[in-house]
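Colleague: Structure: work-v1.txt, compact mmCIF, C-alpha atoms and all ligand atoms.
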# COMPACT_ATOMS: atom_id res chain seq x y z
CA MET A 1 0.00 0.00 0.00
CA LYS A 2 1.21 3.52 -0.82
CA LYS A 3 2.19 5.75 2.10
CA THR A 4 0.72 9.23 2.59
CA ALA A 5 3.41 11.89 2.24
CA GLY A 6 4.10 15.62 1.86
CA ILE A 7 5.93 17.76 -0.71
CA TYR A 8 8.02 20.85 0.18
CA ILE A 9 9.27 23.42 -2.35
CA HIS A 10 11.99 25.84 -1.22
CA ILE A 11 11.95 29.28 -2.85
CA PRO A 12 15.14 30.99 -1.60
CA PHE A 13 14.59 34.61 -2.69
CA CYS A 14 14.26 37.40 -0.10
CA THR A 15 14.31 41.20 -0.26
CA VAL A 16 16.64 41.44 2.77
CA LYS A 17 18.34 38.94 5.07
CA CYS A 18 16.83 39.15 8.57
CA MET A 19 19.42 39.21 11.37
CA TYR A 20 18.11 36.07 13.12
CA CYS A 21 17.44 33.82 10.13
CA ASP A 22 19.62 30.84 9.17
CA PHE A 23 17.28 29.41 6.55
CA TYR A 24 18.83 29.34 3.08
CA SER A 25 17.77 32.65 1.53
CA ILE A 26 19.43 35.07 -0.88
CA THR A 27 18.84 38.66 -1.90
CA ASN A 28 19.13 40.36 -5.33
CA ARG A 29 18.51 37.16 -7.31
CA LEU A 30 14.82 37.49 -8.13
CA GLU A 31 15.66 38.00 -11.82
CA ASP A 32 16.84 34.37 -11.86
CA THR A 33 13.26 33.19 -11.21
CA PRO A 34 12.57 31.74 -14.73
CA GLN A 35 15.80 29.72 -14.70
CA PHE A 36 15.15 28.63 -11.10
CA ILE A 37 11.60 27.43 -11.82
CA LYS A 38 12.86 25.53 -14.86
CA ALA A 39 15.37 23.79 -12.56
CA ILE A 40 12.70 22.95 -9.95
CA ILE A 41 10.54 21.40 -12.69
CA GLU A 42 13.56 19.46 -13.95
CA GLU A 43 14.29 18.22 -10.40
CA ILE A 44 10.67 17.05 -10.10
CA LYS A 45 11.00 15.12 -13.38
CA LEU A 46 14.36 13.63 -12.33
CA SER A 47 12.83 12.22 -9.12
CA LYS A 48 9.66 10.87 -10.71
CA ASP A 49 10.71 7.22 -10.81
CA ILE A 50 12.08 7.26 -7.27
CA HIS A 51 8.94 8.50 -5.56
CA ASN A 52 5.86 7.99 -7.68
CA LYS A 53 5.41 4.31 -6.91
CA ASN A 54 5.75 4.81 -3.15
CA TYR A 55 3.53 7.69 -2.17
CA ASP A 56 0.11 9.32 -2.30
CA PHE A 57 0.75 12.98 -1.52
CA ASP A 58 -1.72 15.01 0.52
CA THR A 59 0.19 18.25 1.27
CA ILE A 60 2.31 20.73 -0.69
CA PHE A 61 4.16 23.53 1.13
CA PHE A 62 5.85 26.48 -0.61
CA GLY A 63 8.35 27.80 1.93
CA GLY A 64 11.40 29.97 1.94
CA GLY A 65 12.85 32.40 1.61
CA THR A 66 9.90 34.42 0.48
CA PRO A 67 7.78 32.45 -2.01
CA SER A 68 5.27 35.31 -2.18
CA LEU A 69 7.89 37.41 -4.03
CA ILE A 70 7.57 35.39 -7.23
CA ASP A 71 4.72 35.71 -9.71
CA PRO A 72 1.91 33.17 -9.04
CA ILE A 73 2.36 32.03 -12.66
CA TRP A 74 5.52 30.24 -11.50
CA ILE A 75 3.76 28.62 -8.53
CA ASP A 76 1.08 27.43 -10.96
CA LYS A 77 3.73 25.97 -13.29
CA ILE A 78 5.27 24.03 -10.38
CA LEU A 79 1.83 22.74 -9.31
CA THR A 80 0.97 21.63 -12.86
CA ASN A 81 4.22 19.67 -13.05
CA LEU A 82 3.71 18.09 -9.63
CA TYR A 83 0.19 16.96 -10.61
CA LYS A 84 1.54 15.53 -13.88
CA THR A 85 4.34 13.65 -12.14
CA PHE A 86 3.00 12.33 -8.82
CA THR A 87 -0.17 10.79 -7.41
CA PHE A 88 -2.23 12.92 -5.04
CA LYS A 89 -5.09 12.31 -2.64
CA LYS A 90 -8.30 14.31 -3.01
CA ASN A 91 -8.58 17.73 -1.27
CA ILE A 92 -4.92 18.24 -0.49
CA GLU A 93 -3.56 21.05 1.71
CA ILE A 94 -1.47 23.57 -0.28
CA SER A 95 0.31 26.23 1.82
CA ILE A 96 2.48 29.21 1.01
CA GLU A 97 4.58 31.48 3.23
CA VAL A 98 4.04 35.20 2.63
CA ASN A 99 5.80 38.24 4.07
CA PRO A 100 3.56 41.12 5.21
CA GLY A 101 3.74 44.13 2.93
CA GLU A 102 5.30 42.07 0.16
CA ILE A 103 2.07 40.75 -1.36
CA LYS A 104 -0.97 42.63 -2.69
CA LEU A 105 -4.64 41.62 -2.73
CA GLU A 106 -4.59 40.76 -6.46
CA LYS A 107 -1.70 38.33 -5.99
CA LEU A 108 -3.45 36.66 -3.05
CA LYS A 109 -6.59 36.27 -5.20
CA THR A 110 -4.53 34.64 -7.97
CA LEU A 111 -2.90 32.26 -5.47
CA LYS A 112 -6.40 31.25 -4.29
CA LYS A 113 -7.54 30.75 -7.89
CA ILE A 114 -4.67 28.44 -8.75
CA GLY A 115 -5.49 26.17 -5.80
CA LEU A 116 -3.57 27.34 -2.75
CA ASN A 117 -5.73 26.96 0.34
CA ARG A 118 -3.49 27.86 3.29
CA ILE A 119 -1.52 31.06 3.89
CA SER A 120 1.22 31.48 6.49
CA ILE A 121 2.02 35.12 7.28
CA GLY A 122 5.35 36.07 8.88
CA VAL A 123 3.95 38.60 11.35
CA GLN A 124 6.73 37.99 13.95
CA SER A 125 5.83 41.01 16.13
CA LEU A 126 3.35 43.87 16.13
CA ASP A 127 5.79 46.31 17.67
CA GLU A 128 7.44 48.77 15.28
CA LYS A 129 10.76 48.90 17.18
CA LEU A 130 11.07 45.13 17.57
CA LEU A 131 10.35 44.66 13.86
CA LYS A 132 13.18 47.09 13.05
CA PHE A 133 15.49 45.24 15.46
CA LEU A 134 14.69 41.99 13.60
CA ASP A 135 15.37 43.69 10.20
CA ARG A 136 11.79 43.16 9.12
CA LEU A 137 10.72 45.44 6.27
CA HIS A 138 7.04 45.66 7.20
CA SER A 139 5.06 47.62 9.76
CA PRO A 140 2.53 46.10 12.19
CA ILE A 141 -0.28 47.65 10.12
CA GLU A 142 0.97 45.92 6.97
CA SER A 143 0.76 42.56 8.77
CA ILE A 144 -2.87 43.21 9.63
CA GLU A 145 -3.59 44.44 6.08
CA THR A 146 -2.01 41.30 4.59
CA TYR A 147 -4.15 39.16 6.90
CA LYS A 148 -7.34 41.03 5.94
CA ASN A 149 -6.47 40.80 2.25
CA ALA A 150 -5.90 37.05 2.56
CA ARG A 151 -9.42 36.78 4.01
CA LYS A 152 -10.81 38.99 1.21
CA ALA A 153 -9.10 36.73 -1.30
CA GLY A 154 -11.08 33.82 0.18
CA PHE A 155 -8.54 32.03 2.37
CA ASP A 156 -10.20 30.30 5.33
CA ASN A 157 -7.00 28.78 6.70
CA ILE A 158 -4.51 31.46 7.74
CA ASN A 159 -1.51 31.08 10.02
CA ALA A 160 0.47 33.85 11.73
CA ASP A 161 4.10 33.22 12.73
CA LEU A 162 4.97 35.10 15.93
CA ILE A 163 8.30 35.41 17.76
CA PHE A 164 8.79 35.94 21.51
CA ASN A 165 11.80 36.31 23.81
CA ILE A 166 13.15 39.13 21.62
CA PRO A 167 15.60 41.43 23.49
CA ASN A 168 13.66 44.40 24.97
CA GLN A 169 10.26 42.79 24.30
CA SER A 170 8.05 43.18 27.35
CA LEU A 171 5.51 40.65 28.58
CA VAL A 172 2.80 43.28 27.99
CA GLN A 173 3.86 43.72 24.35
CA TRP A 174 3.86 39.97 23.81
CA GLU A 175 0.43 39.62 25.38
CA LYS A 176 -0.85 42.40 23.08
CA ASP A 177 0.46 40.55 20.00
CA ILE A 178 -1.33 37.38 21.06
CA GLN A 179 -4.55 39.28 21.87
CA THR A 180 -4.52 41.02 18.49
CA MET A 181 -4.17 37.69 16.70
CA ILE A 182 -7.05 36.28 18.74
CA GLU A 183 -9.24 39.33 17.97
CA LEU A 184 -8.42 39.01 14.26
CA ASN A 185 -9.54 35.40 14.52
CA VAL A 186 -6.53 33.90 12.73
CA ASP A 187 -6.99 30.16 12.27
CA HIS A 188 -3.54 29.02 13.34
CA ILE A 189 -0.67 30.52 15.34
CA SER A 190 2.96 29.40 15.37
CA SER A 191 4.65 30.94 18.39
CA TYR A 192 8.45 30.62 18.28
CA SER A 193 11.02 31.61 20.86
CA LEU A 194 13.81 33.62 19.20
CA THR A 195 16.76 31.27 18.83
CA VAL A 196 20.34 32.36 18.24
CA GLU A 197 21.43 30.38 15.20
CA LYS A 198 25.06 29.98 14.11
CA GLY A 199 26.10 32.16 11.18
CA THR A 200 23.46 34.83 11.78
CA VAL A 201 24.08 38.50 12.56
CA LEU A 202 22.23 37.91 15.83
CA ASN A 203 24.77 35.25 16.79
CA LYS A 204 27.69 37.54 15.98
CA GLU A 205 26.27 40.42 17.99
CA VAL A 206 25.43 38.19 20.97
CA ASN A 207 29.01 36.83 20.93
CA ARG A 208 30.42 40.37 20.80
CA GLY A 209 28.26 41.33 23.76
CA ASN A 210 26.35 43.95 21.75
CA ILE A 211 23.05 42.11 22.15
CA ILE A 212 22.00 40.37 25.35
CA MET A 213 19.36 37.68 25.00
CA PRO A 214 16.61 37.54 27.65
CA ASN A 215 17.07 34.81 30.27
CA ASP A 216 15.38 31.38 30.41
CA ALA A 217 12.85 32.52 33.02
CA ASN A 218 11.61 35.22 30.63
CA ASP A 219 11.41 32.67 27.81
CA LYS A 220 9.30 30.28 29.92
CA ARG A 221 7.04 33.10 31.16
CA MET A 222 6.33 34.24 27.60
CA TYR A 223 5.81 30.67 26.39
CA LEU A 224 3.31 29.93 29.17
CA LEU A 225 1.50 33.21 28.62
CA ALA A 226 0.93 32.28 24.97
CA VAL A 227 -0.19 28.73 25.85
CA ASN A 228 -2.68 29.95 28.48
CA GLU A 229 -4.14 32.79 26.40
CA LEU A 230 -4.48 30.71 23.26
CA ILE A 231 -6.02 27.70 24.98
CA LYS A 232 -8.49 30.00 26.77
CA ASN A 233 -9.53 31.29 23.35
CA GLN A 234 -10.22 27.96 21.63
CA TYR A 235 -6.83 27.47 20.02
CA GLY A 236 -5.82 23.87 20.62
CA GLN A 237 -2.12 23.37 21.21
CA TYR A 238 -1.05 20.38 19.13
CA GLU A 239 2.72 20.89 19.16
CA ILE A 240 5.01 22.89 21.45
CA SER A 241 4.93 25.95 19.18
CA ASN A 242 1.69 25.39 17.27
CA PHE A 243 -1.93 26.23 18.04
CA ALA A 244 -4.97 25.78 15.82
CA LYS A 245 -8.69 26.36 15.74
CA GLN A 246 -10.74 23.21 15.11
CA ASN A 247 -9.72 21.39 11.88
CA LYS A 248 -7.01 23.96 11.14
CA ARG A 249 -3.92 21.99 12.18
CA CYS A 250 -1.15 22.16 9.58
CA LEU A 251 -1.20 18.73 7.95
CA HIS A 252 2.14 19.34 6.26
CA ASN A 253 3.99 20.04 9.51
CA LEU A 254 2.27 17.04 11.08
CA HIS A 255 4.01 14.91 8.46
CA TYR A 256 7.38 16.14 9.78
CA TRP A 257 6.53 15.58 13.42
CA ASN A 258 4.92 12.17 12.83
CA LEU A 259 8.04 11.08 10.92
CA ASP A 260 5.94 10.45 7.79
CA PRO A 261 7.80 10.57 4.48
CA TYR A 262 8.25 13.90 2.73
CA ILE A 263 10.13 14.89 -0.39
CA SER A 264 11.46 18.34 -1.08
CA PHE A 265 12.67 20.33 -4.05
CA GLY A 266 14.93 23.37 -4.31
CA PRO A 267 18.29 24.40 -2.81
CA SER A 268 18.86 23.29 0.83
CA ALA A 269 15.64 21.22 0.83
CA HIS A 270 15.58 18.09 3.04
CA SER A 271 13.72 14.85 2.28
CA TYR A 272 12.94 11.74 4.31
CA ASP A 273 11.64 8.29 3.31
CA THR A 274 11.40 6.75 6.85
CA LYS A 275 14.75 5.00 6.41
CA LYS A 276 17.06 7.72 5.20
CA ARG A 277 17.25 11.49 5.09
CA TRP A 278 18.92 13.44 2.28
CA TRP A 279 19.47 17.09 1.54
CA ASN A 280 20.12 19.27 -1.49
CA THR A 281 23.06 21.61 -1.99
CA LYS A 282 22.59 24.98 -0.32
CA SER A 283 24.01 27.10 -3.13
CA LEU A 284 21.57 28.31 -5.80
CA ASP A 285 24.33 28.38 -8.42
CA LYS A 286 25.46 24.85 -7.65
CA TYR A 287 21.83 23.72 -7.63
CA LEU A 288 21.23 25.22 -11.09
CA LYS A 289 24.47 23.71 -12.44
CA MET A 290 23.80 20.18 -11.14
CA ILE A 291 20.29 20.20 -12.58
CA SER A 292 21.52 21.48 -15.96
CA ASN A 293 23.96 18.53 -15.97
CA GLY A 294 21.00 16.18 -15.48
CA GLU A 295 22.03 15.34 -11.89
CA LEU A 296 19.87 15.36 -8.78
CA PRO A 297 21.24 18.25 -6.62
CA ILE A 298 21.80 16.04 -3.56
CA GLN A 299 24.60 17.02 -1.20
CA GLY A 300 24.35 14.33 1.47
CA TYR A 301 22.55 11.28 2.87
CA GLU A 302 22.07 9.88 6.33
CA THR A 303 20.66 6.44 7.04
CA LEU A 304 18.92 6.11 10.38
CA ASN A 305 19.65 2.97 12.41
CA VAL A 306 16.93 1.51 14.65
CA ASN A 307 18.09 3.39 17.74
CA GLU A 308 18.25 6.71 15.88
CA LYS A 309 14.72 6.10 14.56
CA PHE A 310 13.51 5.36 18.09
CA ASN A 311 15.17 8.53 19.43
CA GLU A 312 13.64 10.66 16.66
CA LEU A 313 10.22 9.25 17.48
CA ILE A 314 10.71 10.28 21.12
CA LEU A 315 12.08 13.73 20.25
CA ASN A 316 9.30 14.63 17.81
CA GLY A 317 6.49 12.77 19.55
CA LEU A 318 6.96 14.37 22.97
CA ARG A 319 6.72 17.82 21.36
CA MET A 320 3.18 16.98 20.23
CA ASN A 321 0.18 17.15 22.55
CA ASP A 322 -1.16 13.85 21.22
CA GLY A 323 2.16 12.25 22.18
CA ILE A 324 3.50 9.03 20.67
CA LYS A 325 1.58 5.81 20.12
CA ILE A 326 3.02 3.26 22.57
CA LEU A 327 2.64 0.51 19.98
CA ARG A 328 4.70 2.48 17.45
CA LEU A 329 7.47 2.99 20.01
CA LYS A 330 7.38 -0.68 20.94
CA ASN A 331 7.69 -1.73 17.30
CA VAL A 332 10.82 0.36 16.83
CA TYR A 333 12.43 -0.47 20.20
CA SER A 334 15.54 -2.57 19.65
CA GLY A 335 16.07 -3.72 23.26
CA SER A 336 14.63 -6.92 24.71
CA ASP A 337 12.22 -5.51 27.31
CA PHE A 338 10.22 -2.49 26.16
CA GLU A 339 7.78 -2.65 29.12
CA ASN A 340 10.69 -2.40 31.54
CA TYR A 341 12.18 0.56 29.60
CA LEU A 342 8.84 2.37 29.61
CA ASP A 343 8.23 1.67 33.27
CA LYS A 344 11.62 3.11 34.20
CA GLN A 345 10.98 6.30 32.19
CA LEU A 346 7.58 6.83 33.82
CA LYS A 347 9.08 6.39 37.30
CA LYS A 348 12.04 8.67 36.50
CA ASN A 349 9.89 11.52 35.18
CA SER A 350 6.62 12.59 36.78
CA ARG A 351 5.84 14.84 33.79
CA LEU A 352 5.42 11.79 31.54
CA TYR A 353 2.11 9.95 31.45
CA ILE A 354 0.12 7.51 29.34
CA LYS A 355 -3.33 8.34 27.98
CA ASP A 356 -5.29 6.82 25.08
CA GLU A 357 -2.40 4.38 24.52
CA CYS A 358 -0.02 7.27 23.86
CA LEU A 359 3.01 8.50 25.81
CA LYS A 360 2.65 12.23 26.55
CA LEU A 361 4.11 15.16 28.49
CA ASN A 362 2.00 17.36 30.77
CA ARG A 363 1.94 21.15 30.26
CA THR A 364 5.02 21.94 32.36
CA GLY A 365 6.78 18.92 30.87
CA MET A 366 6.41 20.57 27.45
CA LEU A 367 8.74 23.32 28.71
CA PHE A 368 11.50 20.74 29.04
CA ALA A 369 10.51 18.46 26.15
CA ASP A 370 13.91 18.38 24.43
CA GLU A 371 15.76 17.72 27.69
CA ILE A 372 13.32 15.00 28.78
CA ALA A 373 13.46 13.40 25.33
CA SER A 374 17.26 13.33 25.25
CA ASN A 375 17.31 11.64 28.67
CA MET A 376 15.10 8.92 27.20
CA PHE A 377 17.35 8.22 24.19
CA ILE A 378 18.67 4.70 23.73
C1 LIG A 401 12.35 31.10 7.50
S1 LIG A 401 10.90 32.00 7.70
C2 LIG A 401 10.24 32.00 6.09
C3 LIG A 401 8.99 32.79 5.96
C4 LIG A 401 9.10 34.25 5.61
N1 LIG A 401 10.19 34.55 4.80
C5 LIG A 401 9.13 35.11 6.85
O1 LIG A 401 10.18 35.62 7.16
O2 LIG A 401 8.08 35.28 7.43
C6 LIG A 401 9.82 30.91 8.60
C7 LIG A 401 9.60 31.28 10.04
O3 LIG A 401 10.66 30.83 10.82
C8 LIG A 401 10.69 31.56 12.02
N2 LIG A 401 12.11 31.78 12.35
C9 LIG A 401 13.15 31.88 11.52
N3 LIG A 401 14.30 32.02 12.21
C10 LIG A 401 13.98 32.02 13.52
C11 LIG A 401 14.72 32.14 14.74
N4 LIG A 401 16.06 32.30 14.74
N5 LIG A 401 14.05 32.07 15.92
C12 LIG A 401 12.72 31.89 15.93
N6 LIG A 401 11.97 31.78 14.81
C13 LIG A 401 12.58 31.84 13.62
C14 LIG A 401 9.95 32.86 11.77
O4 LIG A 401 8.85 32.98 12.61
C15 LIG A 401 9.53 32.75 10.31
O5 LIG A 401 8.24 33.23 10.10
S1 LIG A 402 13.13 35.37 8.02
FE1 LIG A 402 12.06 35.16 6.09
S2 LIG A 402 12.34 37.15 5.07
FE2 LIG A 402 13.84 37.06 6.68
S3 LIG A 402 15.66 36.25 5.68
FE3 LIG A 402 14.61 34.50 6.59
S4 LIG A 402 13.36 33.72 4.97
FE4 LIG A 402 13.97 35.81 4.36
Spit out the file's structure as C-alpha cells when you get a sec.
Modeller:
Amino acid sequence: MKKTAGIYIHIPFCTVKCMYCDFYSITNRLEDTPQFIKAIIEEIKLSKDIHNKNYDFDTIFFGGGTPSLIDPIWIDKILTNLYKTFTFKKNIEISIEVNPGEIKLEKLKTLKKIGLNRISIGVQSLDEKLLKFLDRLHSPIESIETYKNARKAGFDNINADLIFNIPNQSLVQWEKDIQTMIELNVDHISSYSLTVEKGTVLNKEVNRGNIIMPNDANDKRMYLLAVNELIKNQYGQYEISNFAKQNKRCLHNLHYWNLDPYISFGPSAHSYDTKKRWWNTKSLDKYLKMISNGELPIQGYETLNVNEKFNELILNGLRMNDGIKILRLKNVYSGSDFENYLDKQLKKNSRLYIKDECLKLNRTGMLFADEIASNMFI
C-alpha cells in the first residue's frame, strides 16, 4: 500500500536577510526566477521514478525564503508539473509562506484561484521597534492588512508566525500581539522563541556582547502566557509551538513531526523516506548547475539505524500534545524488554504519562521536552 506523504518546495529569494534567520535565503537574485523554476521542474521530473510508486501525496508547502515574491504564474507551473508527475489524494492542503507588505490583494486572489488553500504570514511582532530590530521590512499595520487581504481573497486557513523572547520585548507587548491575533480570529498561530542560530548577525552580535538575549525565566514566562491565552480562546495546542482552531492543524507540519515521508525540491531542501534522510546543496548556483547537468542536486545522505529512529520518534512525539503511540514505540524499540524501559521512564519523570495508549508530556513537561526526550534516548 502507498504511504501518505508531503511535498516541500523551497523558494530561496528574499528582499533582505533578517538578522536572526539561518534558513537558506538570498537577496538580489529574483531575476533568476525563470531559470530557477525551470530547474525545480527538472528536479521534479528527475525524481519521478524514485517517488511515484511509493507515495500518495496530501500536502504541498511552498516555503522559503519568500515564495510570495515570485509571480503566481511560476507557482502554478510548479503545481501543474507536480500533478503531472505524482499521485495525489483528493482535497490536499497547499500552503504558502508570505511576508507582510510584500504581497498585494490581487496576488493573493490569484494564489487562491490556482489552488492554494493555506496562507502562512510572517507577522513575527506587532511592535514597530522590535520589527526594526529583527530587520523586518514591514510595519505592524501591513501585517494586519495582509491578513485582511488574505481573508478577502477567500482564504479560510490562515496562520500567523509570531516570535517571543526578543531582546527588549516586554511581557505586555507579547500579550498584546497574542490578543490582536485572537481578535483578528486567525486560524492558526505558530509561536516561536527567538533562537540564536550559528552564522546569523544575531549570533555575531550576541558573541560580541552587543546584544543580550533575555534569560530562560523570561522565555518560559512568555511561552506559558501564549499557551494559556491561546487555549483560553479555543486554540488547541497540538505541538510545542503550534496552536490551531478546530480542523485547522497544519497537515504538512504534522508529516514532519509524525516522521511520515516527505520529499522536497529546491536548494537546501531536506527529504525523508522513513529509512534515510537526504538534503540538497545549499548554493543556488550549484543547484542550477547540477540540474543542468541532469544530476539530482543532492549534497548528502544519512541512514537512520533503529536506535536513531527510536530517538527521533521520542524527540518529535513528545513535542506533540497527542504524544507518541506506545505501539509504534514498541515496534521500533531494539532492546529486549520495552515494558521495563517504559516503566523506568515513567518512574524517573513525573511529567510523563500515558493516555489513550499514547506517551505524553504534561503542560510543564512541554517546557523541558527536548531535555526529557534526550534523557530517554537509547
Ligand atoms: C524562515 S521564515 C520563512 C517565511 C518568511 N520569509 C518570513 O520571514 O516570514 C519561517 C519562520 O521561521 C521563524 N524563524 C526563523 N528564524 C527564527 C529564529 N532564529 N528564531 C525563531 N523563529 C525563527 C519565523 O517565525 C519565520 O516566520
Ligand atoms: S526570516 Fe524570512 S524574510 Fe527574513 S531572511 Fe529568513 S526567509 Fe527571508
Colleague: Please identify all protein, DNA and RNA residues within 7 Å of ligand LIG 401 (chain A), counting all atoms listed in the file, and report them as a compact mmCIF listing (two decimals) with C-alpha atoms, in the frame of the given file.
Modeller:
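Below you can see part_2.txt, which holds the result:
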# COMPACT_ATOMS: atom_id res chain seq x y z
CA CYS A 14 14.26 37.40 -0.10
CA TYR A 20 18.11 36.07 13.12
CA CYS A 21 17.44 33.82 10.13
CA ASP A 22 19.62 30.84 9.17
CA PHE A 23 17.28 29.41 6.55
CA GLY A 63 8.35 27.80 1.93
CA GLY A 64 11.40 29.97 1.94
CA GLY A 65 12.85 32.40 1.61
CA THR A 66 9.90 34.42 0.48
CA GLU A 97 4.58 31.48 3.23
CA VAL A 98 4.04 35.20 2.63
CA ASN A 99 5.80 38.24 4.07
CA ILE A 121 2.02 35.12 7.28
CA GLY A 122 5.35 36.07 8.88
CA VAL A 123 3.95 38.60 11.35
CA GLN A 124 6.73 37.99 13.95
CA ASP A 161 4.10 33.22 12.73
CA LEU A 162 4.97 35.10 15.93
CA ILE A 163 8.30 35.41 17.76
CA TYR A 192 8.45 30.62 18.28
CA SER A 193 11.02 31.61 20.86
CA LEU A 194 13.81 33.62 19.20
CA THR A 195 16.76 31.27 18.83
CA VAL A 196 20.34 32.36 18.24
CA GLU A 197 21.43 30.38 15.20
Colleague: Gly323 of chain A: which residues within 6 Å, counting only C-alpha atoms, same-chain residues fewer than 3 positions away excluded, as a ChimeraX atom specification?
Modeller: /A:317-318,320,358-360
Colleague: Could you check which of A:Ile7, A:Ala153, A:Leu137, A:Ile298 is closest to ligand LIG 402 (chain A), using only C-alpha atoms and all ligand atoms?
Modeller: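 Of the candidates, the smallest distance to ligand LIG 402 (chain A) is held by A:Leu137.
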Colleague: Which residues, protein or nucleic acid, reach to within 9 Å of (6.4, 44.2, 8.5) in the file's coordinates when using only C-alpha atoms, and can you give that as a list in words?
Modeller: Asn99, Pro100, Gly101, Glu102, Gly122, Val123, Gln124, Ser125, Leu126, Glu128, Leu131, Lys132, Arg136, Leu137, His138, Ser139, Pro140, Ile141, Glu142 and Ser143 of chain A
Colleague: Just to be explicit: take each residue in the selection above, keep C-alpha atoms, and write the result as an mmCIF file, in the coordinates of the input.
Modeller:
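In the end it all went to result-v6.cif:
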data_model
loop_
_atom_site.group_PDB
_atom_site.id
_atom_site.type_symbol
_atom_site.label_atom_id
_atom_site.label_comp_id
_atom_site.auth_asym_id
_atom_site.auth_seq_id
_atom_site.Cartn_x
_atom_site.Cartn_y
_atom_site.Cartn_z
ATOM 1 C CA ASN A 99 5.800 38.240 4.070
ATOM 2 C CA PRO A 100 3.560 41.120 5.210
ATOM 3 C CA GLY A 101 3.740 44.130 2.930
ATOM 4 C CA GLU A 102 5.300 42.070 0.160
ATOM 5 C CA GLY A 122 5.350 36.070 8.880
ATOM 6 C CA VAL A 123 3.950 38.600 11.350
ATOM 7 C CA GLN A 124 6.730 37.990 13.950
ATOM 8 C CA SER A 125 5.830 41.010 16.130
ATOM 9 C CA LEU A 126 3.350 43.870 16.130
ATOM 10 C CA GLU A 128 7.440 48.770 15.280
ATOM 11 C CA LEU A 131 10.350 44.660 13.860
ATOM 12 C CA LYS A 132 13.180 47.090 13.050
ATOM 13 C CA ARG A 136 11.790 43.160 9.120
ATOM 14 C CA LEU A 137 10.720 45.440 6.270
ATOM 15 C CA HIS A 138 7.040 45.660 7.200
ATOM 16 C CA SER A 139 5.060 47.620 9.760
ATOM 17 C CA PRO A 140 2.530 46.100 12.190
ATOM 18 C CA ILE A 141 -0.280 47.650 10.120
ATOM 19 C CA GLU A 142 0.970 45.920 6.970
ATOM 20 C CA SER A 143 0.760 42.560 8.770
#
Colleague: Would you mind telling me which residue in A:Ile324, A:Ile9, A:Leu224, A:Ile73 lies nearest to His270 of chain A when using all atoms listed in the file?
Modeller: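 With all atoms listed in the file as the atom set, the closest residue is A:Ile9.
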Colleague: Around all listed atoms of ligand LIG 402 (chain A), padded 4 Å per side, what centre and edge lengths does the axis-aligned box have in Å to one decimal, as AutoDock Vina command-line options?
Modeller:
--center_x 13.9 --center_y 35.4 --center_z 6.2 --size_x 11.6 --size_y 11.4 --size_z 11.7
Colleague: Using only C-alpha atoms, can you list as a ChimeraX atom specification the residues within 12 Å of (8.5, 39.1, 25.4)?
Modeller: /A:124-127,130,162-178,191-194,213-226
Colleague: So that I can check the surroundings of Lys325 of chain A, please list as an mmCIF file with C-alpha atoms, in the frame of the given file every protein, DNA and RNA residue that reaches within 12 Å of it, counting only C-alpha atoms and ignoring chain neighbours fewer than 3 positions away.
Modeller:
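Below is the file selection-v2.cif, written as the result:
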data_model
loop_
_atom_site.group_PDB
_atom_site.id
_atom_site.type_symbol
_atom_site.label_atom_id
_atom_site.label_comp_id
_atom_site.auth_asym_id
_atom_site.auth_seq_id
_atom_site.Cartn_x
_atom_site.Cartn_y
_atom_site.Cartn_z
ATOM 1 C CA ASN A 258 4.920 12.170 12.830
ATOM 2 C CA LEU A 313 10.220 9.250 17.480
ATOM 3 C CA ILE A 314 10.710 10.280 21.120
ATOM 4 C CA ASN A 316 9.300 14.630 17.810
ATOM 5 C CA GLY A 317 6.490 12.770 19.550
ATOM 6 C CA LEU A 318 6.960 14.370 22.970
ATOM 7 C CA MET A 320 3.180 16.980 20.230
ATOM 8 C CA ASN A 321 0.180 17.150 22.550
ATOM 9 C CA ASP A 322 -1.160 13.850 21.220
ATOM 10 C CA ARG A 328 4.700 2.480 17.450
ATOM 11 C CA LEU A 329 7.470 2.990 20.010
ATOM 12 C CA LYS A 330 7.380 -0.680 20.940
ATOM 13 C CA ASN A 331 7.690 -1.730 17.300
ATOM 14 C CA VAL A 332 10.820 0.360 16.830
ATOM 15 C CA ILE A 354 0.120 7.510 29.340
ATOM 16 C CA LYS A 355 -3.330 8.340 27.980
ATOM 17 C CA ASP A 356 -5.290 6.820 25.080
ATOM 18 C CA GLU A 357 -2.400 4.380 24.520
ATOM 19 C CA CYS A 358 -0.020 7.270 23.860
ATOM 20 C CA LEU A 359 3.010 8.500 25.810
ATOM 21 C CA LYS A 360 2.650 12.230 26.550
#
Colleague: Between atom CA of Leu367 of chain A and atom CA of Ile182 of chain A, what is the distance, to one decimal in Å?
Modeller: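 It comes out at 22.7 Å.
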Colleague: Show me, as a PyMOL selection string, the residues that have an atom within 10 Å of Gly294 of chain A when counting all atoms listed in the file, minus same-chain residues fewer than 3 positions from it.
Modeller: chain A and resi 39+42-43+46+289-291+297
Colleague: I need the residues from that last selection saved to file as a PDB file, in the coordinates of the input (with C-alpha atoms), if you can.
Modeller:
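Wrote result_35.pdb, looks like this:
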ATOM      1  CA  ALA A  39      15.370  23.790 -12.560  1.00  0.00           C
ATOM      2  CA  GLU A  42      13.560  19.460 -13.950  1.00  0.00           C
ATOM      3  CA  GLU A  43      14.290  18.220 -10.400  1.00  0.00           C
ATOM      4  CA  LEU A  46      14.360  13.630 -12.330  1.00  0.00           C
ATOM      5  CA  LYS A 289      24.470  23.710 -12.440  1.00  0.00           C
ATOM      6  CA  MET A 290      23.800  20.180 -11.140  1.00  0.00           C
ATOM      7  CA  ILE A 291      20.290  20.200 -12.580  1.00  0.00           C
ATOM      8  CA  PRO A 297      21.240  18.250  -6.620  1.00  0.00           C
TER       9      PRO A 297
END
Colleague: For Met376 of chain A, which of A:Phe62, A:Phe133, A:Tyr235, A:Phe310 is the closest residue, counting only C-alpha atoms?
Modeller: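 Among the listed residues, A:Phe310 lies closest to Met376 of chain A.
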Colleague: Please measure the separation of atom CA of Arg351 of chain A and atom CA of Leu251 of chain A, giving the value in Å to one decimal.
Modeller: 27.1 Å
Colleague: Neighbouring residues of Leu79 of chain A were defined as those with any atom within 9 Å, considering all atoms listed in the file; residues of the same chain fewer than 3 positions away were excluded. Please report them as a list in words.
Modeller: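 Non-adjacent residues within range: Ile60, Trp74, Ile75, Asp76, Leu82, Tyr83, Lys84, Ile114 and Gly115 of chain A.
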